[in-house]
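Participant: Have a look at this one.
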Amino acid sequence: MGTAQGVTLISEGFEGAGNVFGAFTYTYAATYTMPNLLAPAGGLNYLRGGAGINGSVSTNILTLTGSPLSLVTGGITGTDIDSGTVSYNLYAQFSTYRQQNDHGTLSVQFLDAGSSPIGLSLNIGGAAIVSGLGMGISGYGDPDFTDMRDWAADSLAGIVPTGARFASVRILEVKSAGGTAIDGYMDNVNFSIDVVPEPGSVALVALGAGLFALLRRRR
């Protein structure tokens, strides 16, 4: 376990010609939202939900390319996972178009070696996040709407469940009855796993640092 390193399974900022979700994008320059001033900040583009049905609630599911992802990677072993020492961190940024409250939900489902689900899926984003977004004047839109929506981050962190070997990742996009496009927006998607140091290992590191400092003082 000493060779295991933190592993970034997904890091997608939607800046290139393509992305790992095969999703359409908008440019921030189109001014459909307020500027994304979070950390990390928005770059050139962000994910949009795709085409919807005019006057009707619509959905679109975007599945990660290469999903499910293997969790046994980067020196992390099945033994690490089954001993409860592997943590996960899921993060993304969310916005919507004006007061439509279209929304995207980023979901991760842990799977066992036979690809059967373990527990409930992890979900961030969704209606609750976008409904609480602030509003402001775009300052450069045409027309200059006063209800352009801010961006907000959502995240989850915890321990990878015992028996998990894979993670299935997808985005669910939902459009309200208004409008034609599914305007649930997302940016800077990140999913990572890491080995949590055992208490004994932390104590040994602290003891070694203390002894080193003591020896330096004696010299």
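Labels used: A, B, ... for chains in the order of the structure tokens, numbers from 1 for residues in each chain, and numbers from 1 for ligands as shown.
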Quick one: contact table of segment 50-162 of chain A to segment 25-40 of chain A, 12 Å max, nearest atom pair and distance in Å to one decimal per residue, counting only C-alpha atoms, chain and number order, as a tab-separated table?
Facilitator:
residue	atom	partner	partner_atom	distance
A:Gly50	CA	A:Thr25	CA	8.4
A:Ala51	CA	A:Thr25	CA	11.6
A:Tyr91	CA	A:Pro40	CA	10.9
A:Ala92	CA	A:Pro40	CA	10.0
A:Gln93	CA	A:Leu38	CA	8.2
A:Phe94	CA	A:Asn36	CA	9.5
A:Ser95	CA	A:Thr33	CA	7.3
A:Thr96	CA	A:Thr33	CA	7.1
A:Tyr97	CA	A:Tyr32	CA	6.2
A:Arg98	CA	A:Thr33	CA	7.4
A:Gln99	CA	A:Thr33	CA	10.9
A:Gln100	CA	A:Tyr32	CA	11.9
A:Val130	CA	A:Thr33	CA	11.9
A:Leu133	CA	A:Met34	CA	10.5
A:Gly134	CA	A:Met34	CA	9.3
A:Met135	CA	A:Met34	CA	7.9
A:Gly136	CA	A:Met34	CA	7.0
A:Ile137	CA	A:Met34	CA	7.7
A:Ser138	CA	A:Met34	CA	5.7
A:Gly139	CA	A:Met34	CA	8.8
A:Tyr140	CA	A:Thr31	CA	7.1
A:Gly141	CA	A:Thr31	CA	5.8
A:Asp142	CA	A:Thr31	CA	8.8
A:Pro143	CA	A:Thr31	CA	10.5
A:Asp144	CA	A:Thr31	CA	9.7
A:Phe145	CA	A:Tyr32	CA	9.7
A:Thr146	CA	A:Met34	CA	10.2
A:Asp147	CA	A:Thr33	CA	9.0
A:Met148	CA	A:Thr33	CA	5.2
A:Arg149	CA	A:Thr33	CA	5.2
A:Asp150	CA	A:Met34	CA	5.1
A:Trp151	CA	A:Asn36	CA	5.7
A:Ala152	CA	A:Leu38	CA	7.4
A:Ala153	CA	A:Leu38	CA	7.6
A:Asp154	CA	A:Leu38	CA	11.2
Participant: Next, the residues of the selection above should be written as a PDB file, in the first residue's frame with C-alpha atoms.
Facilitator:
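See selection00.pdb below for the written result:
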ATOM      1  CA  GLY A  50     -28.520  19.100 -25.568  1.00  0.00           C
ATOM      2  CA  ALA A  51     -31.804  19.335 -27.480  1.00  0.00           C
ATOM      3  CA  TYR A  91     -16.884  17.665  -7.501  1.00  0.00           C
ATOM      4  CA  ALA A  92     -18.529  19.752 -10.230  1.00  0.00           C
ATOM      5  CA  GLN A  93     -19.898  23.229 -10.922  1.00  0.00           C
ATOM      6  CA  PHE A  94     -23.488  23.955 -11.982  1.00  0.00           C
ATOM      7  CA  SER A  95     -25.619  26.674 -13.534  1.00  0.00           C
ATOM      8  CA  THR A  96     -28.770  27.116 -15.612  1.00  0.00           C
ATOM      9  CA  TYR A  97     -30.372  29.533 -18.077  1.00  0.00           C
ATOM     10  CA  ARG A  98     -32.213  32.409 -16.444  1.00  0.00           C
ATOM     11  CA  GLN A  99     -35.203  31.183 -14.402  1.00  0.00           C
ATOM     12  CA  GLN A 100     -35.918  27.993 -16.361  1.00  0.00           C
ATOM     13  CA  VAL A 130     -29.784  25.519  -9.491  1.00  0.00           C
ATOM     14  CA  LEU A 133     -28.387  30.184  -7.654  1.00  0.00           C
ATOM     15  CA  GLY A 134     -28.060  33.942  -7.444  1.00  0.00           C
ATOM     16  CA  MET A 135     -29.096  36.227 -10.265  1.00  0.00           C
ATOM     17  CA  GLY A 136     -27.496  39.294 -11.760  1.00  0.00           C
ATOM     18  CA  ILE A 137     -27.136  41.551 -14.776  1.00  0.00           C
ATOM     19  CA  SER A 138     -25.017  39.952 -17.458  1.00  0.00           C
ATOM     20  CA  GLY A 139     -23.476  43.297 -18.310  1.00  0.00           C
ATOM     21  CA  TYR A 140     -22.756  42.210 -21.866  1.00  0.00           C
ATOM     22  CA  GLY A 141     -25.814  40.269 -22.967  1.00  0.00           C
ATOM     23  CA  ASP A 142     -28.159  41.392 -25.701  1.00  0.00           C
ATOM     24  CA  PRO A 143     -30.759  42.051 -24.415  1.00  0.00           C
ATOM     25  CA  ASP A 144     -29.222  42.787 -21.038  1.00  0.00           C
ATOM     26  CA  PHE A 145     -31.278  40.445 -18.843  1.00  0.00           C
ATOM     27  CA  THR A 146     -31.298  40.984 -15.083  1.00  0.00           C
ATOM     28  CA  ASP A 147     -31.870  37.318 -14.197  1.00  0.00           C
ATOM     29  CA  MET A 148     -28.720  35.664 -15.529  1.00  0.00           C
ATOM     30  CA  ARG A 149     -27.731  32.885 -13.129  1.00  0.00           C
ATOM     31  CA  ASP A 150     -24.551  32.470 -11.122  1.00  0.00           C
ATOM     32  CA  TRP A 151     -22.465  29.310 -10.839  1.00  0.00           C
ATOM     33  CA  ALA A 152     -22.248  27.113  -7.727  1.00  0.00           C
ATOM     34  CA  ALA A 153     -20.100  24.133  -6.774  1.00  0.00           C
ATOM     35  CA  ASP A 154     -21.317  20.884  -5.237  1.00  0.00           C
TER      36      ASP A 154
END
Participant: Mind checking which residues fall within 9 Å of Phe21 of chain A, counting only C-alpha atoms, ignoring those fewer than 2 positions away in the same chain, and posting them as a list in words?
Facilitator: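 Near neighbours after the sequence-gap exclusion: Glu12, Gly18, Asn19, Ala23, Phe24, Leu62, Thr63, Leu64, Thr65, Arg170 and Ile171 of chain A.
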Participant: Quote the spacing between atom CA of Thr180 of chain A and atom CA of Gly22 of chain A in Å to one decimal place.
Facilitator: 20.0 Å
Participant: Quick one: everything within 12 Å of Ile159 of chain A, counting only C-alpha atoms, minus sequence neighbours fewer than 3 positions away in the same chain. Send it as a list of chain:residue names.
Facilitator: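 Counting only the stated atoms, we get A:Asp80, A:Ile81, A:Asp82, A:Ser83, A:Gly84, A:Thr85, A:Val86, A:Ser87, A:Tyr88, A:Asn89, A:Leu90, A:Phe110, A:Leu122, A:Leu156, A:Thr162, A:Gly163, A:Ala164, A:Ser192, A:Ile193, A:Asp194, A:Val195, A:Val196.
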Participant: Deliver the residues from the most recent selection as a file, using N, CA and C atoms, as a JSON list (two decimals), in the first residue's frame.
Facilitator:
[["chain", "number", "residue", "atom", "x", "y", "z"],
["A", 80, "ASP", "N", -6.89, -2.70, -0.42],
["A", 80, "ASP", "CA", -7.03, -1.34, 0.11],
["A", 80, "ASP", "C", -8.51, -0.97, 0.24],
["A", 81, "ILE", "N", -9.26, -1.23, -0.83],
["A", 81, "ILE", "CA", -10.68, -0.88, -0.84],
["A", 81, "ILE", "C", -11.43, -1.65, 0.23],
["A", 82, "ASP", "N", -11.18, -2.97, 0.31],
["A", 82, "ASP", "CA", -11.92, -3.81, 1.24],
["A", 82, "ASP", "C", -11.55, -3.56, 2.69],
["A", 83, "SER", "N", -10.43, -2.91, 2.92],
["A", 83, "SER", "CA", -10.05, -2.56, 4.30],
["A", 83, "SER", "C", -10.58, -1.19, 4.70],
["A", 84, "GLY", "N", -11.32, -0.55, 3.78],
["A", 84, "GLY", "CA", -11.95, 0.73, 4.10],
["A", 84, "GLY", "C", -10.99, 1.90, 4.15],
["A", 85, "THR", "N", -9.90, 1.81, 3.39],
["A", 85, "THR", "CA", -8.89, 2.87, 3.45],
["A", 85, "THR", "C", -8.78, 3.66, 2.14],
["A", 86, "VAL", "N", -9.76, 3.52, 1.26],
["A", 86, "VAL", "CA", -9.74, 4.29, 0.01],
["A", 86, "VAL", "C", -10.89, 5.30, 0.04],
["A", 87, "SER", "N", -10.55, 6.56, -0.11],
["A", 87, "SER", "CA", -11.56, 7.62, -0.10],
["A", 87, "SER", "C", -11.88, 8.07, -1.52],
["A", 88, "TYR", "N", -13.02, 8.72, -1.68],
["A", 88, "TYR", "CA", -13.38, 9.31, -2.96],
["A", 88, "TYR", "C", -13.74, 10.78, -2.77],
["A", 89, "ASN", "N", -13.61, 11.53, -3.85],
["A", 89, "ASN", "CA", -14.02, 12.93, -3.85],
["A", 89, "ASN", "C", -14.66, 13.23, -5.21],
["A", 90, "LEU", "N", -15.89, 13.71, -5.18],
["A", 90, "LEU", "CA", -16.66, 14.02, -6.39],
["A", 90, "LEU", "C", -17.01, 15.50, -6.36],
["A", 110, "PHE", "N", -21.10, 2.89, -7.57],
["A", 110, "PHE", "CA", -20.05, 1.89, -7.34],
["A", 110, "PHE", "C", -20.58, 0.51, -7.70],
["A", 122, "LEU", "N", -24.03, 8.01, -5.85],
["A", 122, "LEU", "CA", -23.65, 9.33, -5.36],
["A", 122, "LEU", "C", -24.18, 10.36, -6.36],
["A", 156, "LEU", "N", -19.13, 15.76, -2.99],
["A", 156, "LEU", "CA", -19.32, 14.69, -2.02],
["A", 156, "LEU", "C", -17.98, 14.02, -1.78],
["A", 162, "THR", "N", -16.71, -1.31, 0.65],
["A", 162, "THR", "CA", -16.09, -2.63, 0.55],
["A", 162, "THR", "C", -16.69, -3.41, -0.62],
["A", 163, "GLY", "N", -15.83, -4.05, -1.38],
["A", 163, "GLY", "CA", -16.27, -4.85, -2.52],
["A", 163, "GLY", "C", -16.33, -4.10, -3.83],
["A", 164, "ALA", "N", -16.22, -2.78, -3.79],
["A", 164, "ALA", "CA", -16.29, -1.99, -5.03],
["A", 164, "ALA", "C", -15.03, -2.20, -5.86],
["A", 192, "SER", "N", -12.01, 11.68, -8.00],
["A", 192, "SER", "CA", -10.70, 11.12, -7.63],
["A", 192, "SER", "C", -10.84, 10.17, -6.46],
["A", 193, "ILE", "N", -9.86, 9.27, -6.34],
["A", 193, "ILE", "CA", -9.78, 8.36, -5.20],
["A", 193, "ILE", "C", -8.38, 8.40, -4.63],
["A", 194, "ASP", "N", -8.25, 8.06, -3.36],
["A", 194, "ASP", "CA", -6.95, 8.12, -2.70],
["A", 194, "ASP", "C", -6.95, 7.16, -1.53],
["A", 195, "VAL", "N", -5.77, 6.73, -1.12],
["A", 195, "VAL", "CA", -5.63, 5.88, 0.05],
["A", 195, "VAL", "C", -5.51, 6.75, 1.29],
["A", 196, "VAL", "N", -6.36, 6.48, 2.27],
["A", 196, "VAL", "CA", -6.32, 7.22, 3.53],
["A", 196, "VAL", "C", -5.20, 6.65, 4.39]]
